[in-house]
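Since the structure comes first, as structure tokens, the remarks are kept for the end.
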Amino acid sequence: MTATHRPRTVLISGASIAGPALAFWLHRYGFEVTVVEKASAPRTGGYPIDLRGTAIEVARRMGVLPLLQQAHIDTRRITFLDPVGREIATIAPHTLAGSVEGRDLEVARGDLTAILYSKVRDDVEFRFDDTIETLDQSADQVDITFRSGEQRTFDVVIGADGMHSHTRGLLFGPEAPFHRDLGYRFAVFTMPNTLGLSRELVMWNAPGKSAALYATGTSDDELHAFLNVHQPQQAGRSQEAQANQIAETFKGSAWKVPEIIQAMRNADDLFSDTVGQIRMPTWSSGRVALVGDAAYAPSFLTGQGTSLALVGAYMLAHALATHPDHQTAFAAYEQSTRDFTSANQALVDHGTAALFPTTAHDLEQRNVRLRSLTTIPTPTPRPAYTALTLPEDPAVNSSAKILE
Ligand SMILES: Cc1cc2nc3c(=O)[nH]c(=O)nc-3n(C[C@H](O)[C@H](O)[C@H](O)COP(=O)(O)OP(=O)(O)OC[C@H]3O[C@@H](n4cnc5c(N)ncnc54)[C@H](O)[C@@H]3O)c2cc1C
């Protein structure tokens with residue numbers, strides 16, 4: 001194999017959303033795919049995520065739309081509370097997100113991963129409980145040593161290993177230059193459903209802090225608790241340091257907040273992180289490229305991370321299938337997809353973070369807007385959600401041909 005030949009063998013790091021979706025498309029186009037995942041199995045459970053716009057079309061082309069529709073959470077309402085726990089407004093979720101009722105979907109992240117995994121598990125090699133230890137690329141190949149000790153050679157390697165991508169670190173160095181800190185810190189965990197909530201979200205806000213309880217099932221099921229604080233100074237990267245910072249910020253808060261903080265202390269599934277985006281001047285270097293959060297995490301404030309991961313995987317696979325070598329393929333992927341990811345990252349610049357105001361004045365303004373949302377008709381979907389038209393799948397009747 002020389003640098004000008006179409007790659008055949010692909011290693012993907014990460015088996016969450018972008019990884020399995022990319023594996024699906026690459027297998028369909030005749031590539032030999034290996035996926036390495038540091039967890040011991042596909043990660044189940046997890047918070048609800050949204051799928052909107054162009055990503056719905058990717059899901060349809062993958063043949064997973066009916067399964068996702070079955071897994072759709074169908075949240076009935078979102079209730080906003082003021083600092084003392086009084087109701088401000090109750091609204092329909094699609095009204096708030098600018099999504100399309102009856103078409104856009106909300107599923108548990110673990111359900112989506114399981115569905116994507118089920119589509120590829122028999123067709124591609126999965127290496128769970130393992131990770132890339134060293135990566136050495138030459139003009140012709142990428143030599144990989146796995147943590148398990150095995151050495152393998154691939155034509156290209158793709159990092160689909162999330163916001164704090166290990167592959168990005170090996171390729172481009174520390175995260176800091178690519179990380180845009182949005183100033184918020186969050187924690188998610190499950191807790192007992194002491195409020196008897198059912199398929200609904202209740203969100204409490206005070207300036208600079210919010211506590212949300214998300215019931216994705218019935219009143220018999222656990223709640224997903226979500227705490228978000230605006231704290232420009234980060235206490236540290238460890239889960240404990242971040243949880244302490246969050247708990248400190250909520251001290252003295254009313255409503256059920258003390259109970260939720262206690263539940264965070266008791267949780268065995270606490271996940272805490274900074275709220276930020278990944279913005280990179282280029283998504284590839286040589287024979288290695290990035291997809292999903294690893295390349296262009298938009299932050300949960302946009303609700304678009306999963307959709308970008310699915311669309312990015314489709315576009316990258318399409319580029320690799322229809323270009324004669326990895327260089328032109330990676331360039332085409334970036335050229336066709338960057339505007340879409342940028343438009344979605346820019347959603348936080350145009351009001352999405354306004355759900356979490358940091359001052360009393362902004363919180364009051366938000367509440368006025370929320371009250372008016374209950375009386376105005378459904379707004380049109382945000383243009384960013386559909387700001388990319390997918391090229392035809394070259395495996396179906398298409399002018400674009402899969403190159404040999
Ligand atoms: C609290 C919260 C709420 C969110 N809400 C939404 C929402 O409403 N809508 C939405 O679209 N998105 C939401 N997101 C974002 C969404 O989860 C991500 O954007 C999406 O999962 C990105 O998928 P990904 O496959 O690129 O990366 P990830 O889902 O982060 O997956 C990365 C995978 O790589 C694996 N990995 C990591 N390091 C290594 C390594 N060294 N070797 C091998 N494997 C490794 C991980 O175990 C994981 O399986 C939310 C995120 C959070 C944290």
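Identifiers in this document derive from the order of the structure tokens: chains are assigned A, B, ..., residues are numbered from 1 separately in each chain, and ligands are numbered from 1 in order of occurrence.
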**OP:** May I have all residues of range 30-233 of chain A that DSSP, computed from the backbone, assigns to helix (DSSP H, G or I), given as JSON, numbers by chain?
**Re:** {"A": [54, 55, 56, 57, 58, 59, 60, 61, 62, 65, 66, 67, 68, 69, 70, 71, 93, 94, 95, 96, 97, 109, 110, 111, 112, 113, 114, 115, 116, 117, 118, 119, 120, 166, 167, 168, 169, 170, 171, 172, 176, 177, 178]}
**OP:** Fewer than 6 positions away in the same chain doesn't count, so skip those; otherwise give me all residues within 10 Å of Ser165 in chain A, counting only C-alpha atoms, as a PyMOL selection string.
**Re:** chain A and resi 13-14+159+171+174-175+290-295
Original post:
Any idea what's packed within 6 Å of Arg185 in chain A, counting only C-alpha atoms, ignoring anything in its chain fewer than 6 positions away? Could you give it as a list in words?
Top reply: Asn228, Val229, Asp273, Thr274 and Val275 of chain A
Which polymer residues have any atom within 7 Å of an atom of range 352-368 of chain A, counting only C-alpha atoms, with same-chain residues fewer than 2 positions away left out, as a short mmCIF file (atom, residue, chain, number, x, y, z; two decimals) with all heavy atoms, in the first residue's frame?
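The result, written out as result_31.cif:
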data_model
loop_
_atom_site.label_atom_id
_atom_site.label_comp_id
_atom_site.auth_asym_id
_atom_site.auth_seq_id
_atom_site.Cartn_x
_atom_site.Cartn_y
_atom_site.Cartn_z
N ILE A 88 -42.88 28.63 37.23
CA ILE A 88 -42.82 29.81 36.34
C ILE A 88 -43.60 29.53 35.06
O ILE A 88 -44.39 30.35 34.60
CB ILE A 88 -41.35 30.11 35.95
CG1 ILE A 88 -40.58 30.53 37.18
CG2 ILE A 88 -41.27 31.16 34.85
CD1 ILE A 88 -39.09 30.46 36.98
N PRO A 207 -29.85 32.47 39.76
CA PRO A 207 -28.79 33.02 38.91
C PRO A 207 -27.51 32.18 39.01
O PRO A 207 -27.01 31.94 40.10
CB PRO A 207 -28.58 34.43 39.48
CG PRO A 207 -29.89 34.78 40.10
CD PRO A 207 -30.43 33.50 40.65
N GLY A 208 -27.04 31.70 37.85
CA GLY A 208 -25.77 30.96 37.83
C GLY A 208 -25.86 29.52 38.26
O GLY A 208 -24.84 28.83 38.36
N SER A 210 -28.50 25.76 38.20
CA SER A 210 -29.75 25.09 37.90
C SER A 210 -29.68 23.64 38.35
O SER A 210 -28.60 23.03 38.34
CB SER A 210 -30.08 25.17 36.41
OG SER A 210 -29.21 24.35 35.70
N HIS A 230 -22.59 28.02 36.93
CA HIS A 230 -21.68 28.90 36.19
C HIS A 230 -20.55 29.29 37.14
O HIS A 230 -20.77 29.99 38.13
CB HIS A 230 -22.42 30.15 35.70
CG HIS A 230 -21.59 30.99 34.78
ND1 HIS A 230 -20.98 32.15 35.16
CD2 HIS A 230 -21.23 30.78 33.49
CE1 HIS A 230 -20.29 32.64 34.14
NE2 HIS A 230 -20.43 31.83 33.12
N LEU A 301 -25.16 22.26 25.89
CA LEU A 301 -26.00 23.45 25.79
C LEU A 301 -26.68 23.54 24.43
O LEU A 301 -27.74 24.15 24.28
CB LEU A 301 -25.17 24.72 26.03
CG LEU A 301 -24.57 24.87 27.43
CD1 LEU A 301 -23.71 26.12 27.50
CD2 LEU A 301 -25.65 24.91 28.49
N THR A 302 -26.07 22.95 23.42
CA THR A 302 -26.68 22.94 22.08
C THR A 302 -27.63 21.76 21.90
O THR A 302 -28.46 21.78 21.00
CB THR A 302 -25.62 22.85 20.97
OG1 THR A 302 -25.01 21.55 21.02
CG2 THR A 302 -24.55 23.91 21.11
N LEU A 347 -24.70 27.79 18.10
CA LEU A 347 -26.00 27.91 18.79
C LEU A 347 -25.83 28.46 20.20
O LEU A 347 -26.70 29.16 20.71
CB LEU A 347 -26.71 26.55 18.85
CG LEU A 347 -27.27 26.02 17.52
CD1 LEU A 347 -27.73 24.58 17.67
CD2 LEU A 347 -28.43 26.90 17.06
N VAL A 348 -24.69 28.15 20.84
CA VAL A 348 -24.51 28.70 22.20
C VAL A 348 -24.21 30.19 22.16
O VAL A 348 -24.33 30.86 23.17
CB VAL A 348 -23.38 28.00 23.01
CG1 VAL A 348 -23.79 26.65 23.47
CG2 VAL A 348 -22.09 27.98 22.26
N HIS A 350 -25.91 32.14 20.35
CA HIS A 350 -27.16 32.82 19.98
C HIS A 350 -28.31 32.38 20.87
O HIS A 350 -29.38 32.06 20.39
CB HIS A 350 -27.50 32.55 18.51
CG HIS A 350 -26.39 32.94 17.59
ND1 HIS A 350 -25.97 34.23 17.44
CD2 HIS A 350 -25.58 32.19 16.81
CE1 HIS A 350 -24.96 34.26 16.58
NE2 HIS A 350 -24.70 33.04 16.20
N LEU A 370 -40.05 32.44 28.63
CA LEU A 370 -40.65 31.12 28.83
C LEU A 370 -42.17 31.23 28.96
O LEU A 370 -42.92 30.43 28.39
CB LEU A 370 -40.09 30.46 30.09
CG LEU A 370 -38.65 29.93 30.00
CD1 LEU A 370 -38.21 29.35 31.34
CD2 LEU A 370 -38.54 28.86 28.91
N ARG A 371 -42.62 32.25 29.69
CA ARG A 371 -44.07 32.41 29.85
C ARG A 371 -44.72 32.67 28.51
O ARG A 371 -45.80 32.15 28.23
CB ARG A 371 -44.38 33.55 30.83
CG ARG A 371 -44.05 33.18 32.27
CD ARG A 371 -44.56 34.23 33.26
NE ARG A 371 -43.94 34.05 34.56
CZ ARG A 371 -42.92 34.77 35.03
NH1 ARG A 371 -42.43 35.77 34.32
NH2 ARG A 371 -42.41 34.52 36.22
N SER A 372 -44.04 33.43 27.65
CA SER A 372 -44.64 33.73 26.35
C SER A 372 -44.62 32.50 25.44
O SER A 372 -45.49 32.33 24.59
CB SER A 372 -43.93 34.90 25.67
OG SER A 372 -42.67 34.49 25.21
#
**OP:** Counting only C-alpha atoms and all ligand atoms, figure out which residue out of A:Ala247, A:Val36, A:Ala332, A:Ala400 gets nearest to ligand 1.
**Re:**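 Counting only C-alpha atoms and all ligand atoms, the residue closest to ligand 1 is A:Val36.
If only C-alpha atoms are the atoms counted, then among A:Asp129, A:Asp111, A:Glu222, A:Glu259 the closest residue to Ile49 in chain A is A:Asp111.
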Range 138-142 of chain A environment, 12 Å, only C-alpha atoms, sequence neighbours closer than 2 positions dropped, as a PDB file with N, CA and C atoms, in the first residue's frame:
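Wrote result20.pdb, looks like this:
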ATOM      1  N   MET A   1       0.841  -1.202   0.000  1.00  0.00           N
ATOM      2  CA  MET A   1       0.000   0.000   0.000  1.00  0.00           C
ATOM      3  C   MET A   1       0.873   1.247   0.000  1.00  0.00           C
ATOM      4  N   THR A   2       0.568   2.179  -0.851  1.00  0.00           N
ATOM      5  CA  THR A   2       1.307   3.441  -0.845  1.00  0.00           C
ATOM      6  C   THR A   2       0.359   4.562  -0.466  1.00  0.00           C
ATOM      7  N   ALA A   3       0.951   5.739  -0.281  1.00  0.00           N
ATOM      8  CA  ALA A   3       0.163   6.869   0.224  1.00  0.00           C
ATOM      9  C   ALA A   3      -0.952   7.259  -0.723  1.00  0.00           C
ATOM     10  N   THR A   4      -0.905   6.868  -1.989  1.00  0.00           N
ATOM     11  CA  THR A   4      -1.926   7.314  -2.929  1.00  0.00           C
ATOM     12  C   THR A   4      -3.046   6.285  -3.101  1.00  0.00           C
ATOM     13  N   HIS A   5      -2.993   5.163  -2.408  1.00  0.00           N
ATOM     14  CA  HIS A   5      -4.043   4.152  -2.564  1.00  0.00           C
ATOM     15  C   HIS A   5      -5.166   4.345  -1.556  1.00  0.00           C
ATOM     16  N   ARG A   6      -6.341   3.875  -1.963  1.00  0.00           N
ATOM     17  CA  ARG A   6      -7.481   3.965  -1.060  1.00  0.00           C
ATOM     18  C   ARG A   6      -7.232   3.045   0.143  1.00  0.00           C
ATOM     19  N   PRO A   7      -7.469   3.547   1.356  1.00  0.00           N
ATOM     20  CA  PRO A   7      -7.244   2.691   2.521  1.00  0.00           C
ATOM     21  C   PRO A   7      -8.228   1.513   2.562  1.00  0.00           C
ATOM     22  N   ARG A   8      -7.823   0.439   3.224  1.00  0.00           N
ATOM     23  CA  ARG A   8      -8.663  -0.771   3.359  1.00  0.00           C
ATOM     24  C   ARG A   8      -8.981  -1.050   4.821  1.00  0.00           C
ATOM     25  N   THR A   9      -7.928  -0.946   5.647  1.00  0.00           N
ATOM     26  CA  THR A   9      -8.115  -1.318   7.045  1.00  0.00           C
ATOM     27  C   THR A   9      -8.202  -0.054   7.900  1.00  0.00           C
ATOM     28  N   VAL A  10      -9.191  -0.041   8.789  1.00  0.00           N
ATOM     29  CA  VAL A  10      -9.448   1.162   9.595  1.00  0.00           C
ATOM     30  C   VAL A  10      -9.565   0.762  11.064  1.00  0.00           C
ATOM     31  N   LEU A  11      -8.842   1.469  11.909  1.00  0.00           N
ATOM     32  CA  LEU A  11      -9.021   1.324  13.356  1.00  0.00           C
ATOM     33  C   LEU A  11      -9.797   2.540  13.856  1.00  0.00           C
ATOM     34  N   ILE A 132      -5.522   2.430  22.598  1.00  0.00           N
ATOM     35  CA  ILE A 132      -4.272   2.625  21.851  1.00  0.00           C
ATOM     36  C   ILE A 132      -3.200   3.104  22.829  1.00  0.00           C
ATOM     37  N   THR A 134       0.388   3.273  21.787  1.00  0.00           N
ATOM     38  CA  THR A 134       1.247   4.115  20.954  1.00  0.00           C
ATOM     39  C   THR A 134       0.749   4.096  19.513  1.00  0.00           C
ATOM     40  N   LEU A 135       0.987   5.192  18.841  1.00  0.00           N
ATOM     41  CA  LEU A 135       0.528   5.355  17.453  1.00  0.00           C
ATOM     42  C   LEU A 135       1.698   5.958  16.669  1.00  0.00           C
ATOM     43  N   ASP A 136       2.207   5.211  15.685  1.00  0.00           N
ATOM     44  CA  ASP A 136       3.322   5.713  14.860  1.00  0.00           C
ATOM     45  C   ASP A 136       2.896   5.656  13.416  1.00  0.00           C
ATOM     46  N   ILE A 144       0.213   0.499  15.415  1.00  0.00           N
ATOM     47  CA  ILE A 144      -0.465   0.672  16.701  1.00  0.00           C
ATOM     48  C   ILE A 144       0.019  -0.378  17.690  1.00  0.00           C
ATOM     49  N   THR A 145       0.303   0.060  18.894  1.00  0.00           N
ATOM     50  CA  THR A 145       0.466  -0.896  19.997  1.00  0.00           C
ATOM     51  C   THR A 145      -0.695  -0.659  20.945  1.00  0.00           C
ATOM     52  N   GLN A 151       0.400  -5.731  18.770  1.00  0.00           N
ATOM     53  CA  GLN A 151       0.803  -4.710  17.795  1.00  0.00           C
ATOM     54  C   GLN A 151       0.091  -4.990  16.483  1.00  0.00           C
ATOM     55  N   ARG A 152      -0.455  -3.955  15.879  1.00  0.00           N
ATOM     56  CA  ARG A 152      -1.178  -4.111  14.604  1.00  0.00           C
ATOM     57  C   ARG A 152      -0.871  -2.918  13.708  1.00  0.00           C
ATOM     58  N   THR A 153      -1.137  -3.115  12.414  1.00  0.00           N
ATOM     59  CA  THR A 153      -0.921  -2.057  11.443  1.00  0.00           C
ATOM     60  C   THR A 153      -2.240  -1.774  10.719  1.00  0.00           C
ATOM     61  N   PHE A 154      -2.580  -0.504  10.550  1.00  0.00           N
ATOM     62  CA  PHE A 154      -3.807  -0.106   9.856  1.00  0.00           C
ATOM     63  C   PHE A 154      -3.472   0.938   8.798  1.00  0.00           C
ATOM     64  N   ASP A 155      -4.369   1.047   7.814  1.00  0.00           N
ATOM     65  CA  ASP A 155      -4.172   2.073   6.789  1.00  0.00           C
ATOM     66  C   ASP A 155      -4.530   3.460   7.325  1.00  0.00           C
ATOM     67  N   VAL A 156      -5.626   3.526   8.080  1.00  0.00           N
ATOM     68  CA  VAL A 156      -5.986   4.790   8.731  1.00  0.00           C
ATOM     69  C   VAL A 156      -6.546   4.512  10.131  1.00  0.00           C
ATOM     70  N   VAL A 157      -6.459   5.530  10.975  1.00  0.00           N
ATOM     71  CA  VAL A 157      -6.988   5.435  12.343  1.00  0.00           C
ATOM     72  C   VAL A 157      -7.917   6.637  12.555  1.00  0.00           C
ATOM     73  N   ILE A 158      -9.080   6.361  13.183  1.00  0.00           N
ATOM     74  CA  ILE A 158     -10.037   7.432  13.432  1.00  0.00           C
ATOM     75  C   ILE A 158     -10.307   7.534  14.936  1.00  0.00           C
ATOM     76  N   LEU A 171      -2.163  12.727  18.751  1.00  0.00           N
ATOM     77  CA  LEU A 171      -1.913  13.339  17.433  1.00  0.00           C
ATOM     78  C   LEU A 171      -1.549  14.814  17.535  1.00  0.00           C
ATOM     79  N   SER A 285      -4.527  14.581  10.661  1.00  0.00           N
ATOM     80  CA  SER A 285      -3.095  14.762  10.448  1.00  0.00           C
ATOM     81  C   SER A 285      -2.581  13.449   9.884  1.00  0.00           C
ATOM     82  N   GLY A 286      -2.086  13.504   8.661  1.00  0.00           N
ATOM     83  CA  GLY A 286      -1.601  12.281   8.010  1.00  0.00           C
ATOM     84  C   GLY A 286      -2.718  11.268   7.858  1.00  0.00           C
ATOM     85  N   ARG A 287      -2.515  10.087   8.401  1.00  0.00           N
ATOM     86  CA  ARG A 287      -3.477   8.995   8.245  1.00  0.00           C
ATOM     87  C   ARG A 287      -4.442   8.876   9.426  1.00  0.00           C
ATOM     88  N   VAL A 288      -4.488   9.886  10.256  1.00  0.00           N
ATOM     89  CA  VAL A 288      -5.359   9.836  11.436  1.00  0.00           C
ATOM     90  C   VAL A 288      -6.342  11.016  11.383  1.00  0.00           C
ATOM     91  N   ALA A 289      -7.618  10.738  11.643  1.00  0.00           N
ATOM     92  CA  ALA A 289      -8.638  11.798  11.643  1.00  0.00           C
ATOM     93  C   ALA A 289      -9.538  11.631  12.862  1.00  0.00           C
ATOM     94  N   ASP A 325      -7.802   8.315  -2.018  1.00  0.00           N
ATOM     95  CA  ASP A 325      -6.813   8.123  -0.949  1.00  0.00           C
ATOM     96  C   ASP A 325      -7.264   8.873   0.298  1.00  0.00           C
ATOM     97  N   HIS A 326      -6.582   8.609   1.399  1.00  0.00           N
ATOM     98  CA  HIS A 326      -7.015   9.195   2.673  1.00  0.00           C
ATOM     99  C   HIS A 326      -6.870  10.713   2.690  1.00  0.00           C
ATOM    100  N   GLN A 327      -5.859  11.246   1.992  1.00  0.00           N
ATOM    101  CA  GLN A 327      -5.661  12.703   2.049  1.00  0.00           C
ATOM    102  C   GLN A 327      -6.840  13.448   1.441  1.00  0.00           C
TER     103      GLN A 327
END
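Of the listed residues (A:Asp74, A:Asp82, A:Asp50, A:Asp161), A:Asp50 comes nearest to Arg109 in chain A; the distances count only C-alpha atoms.
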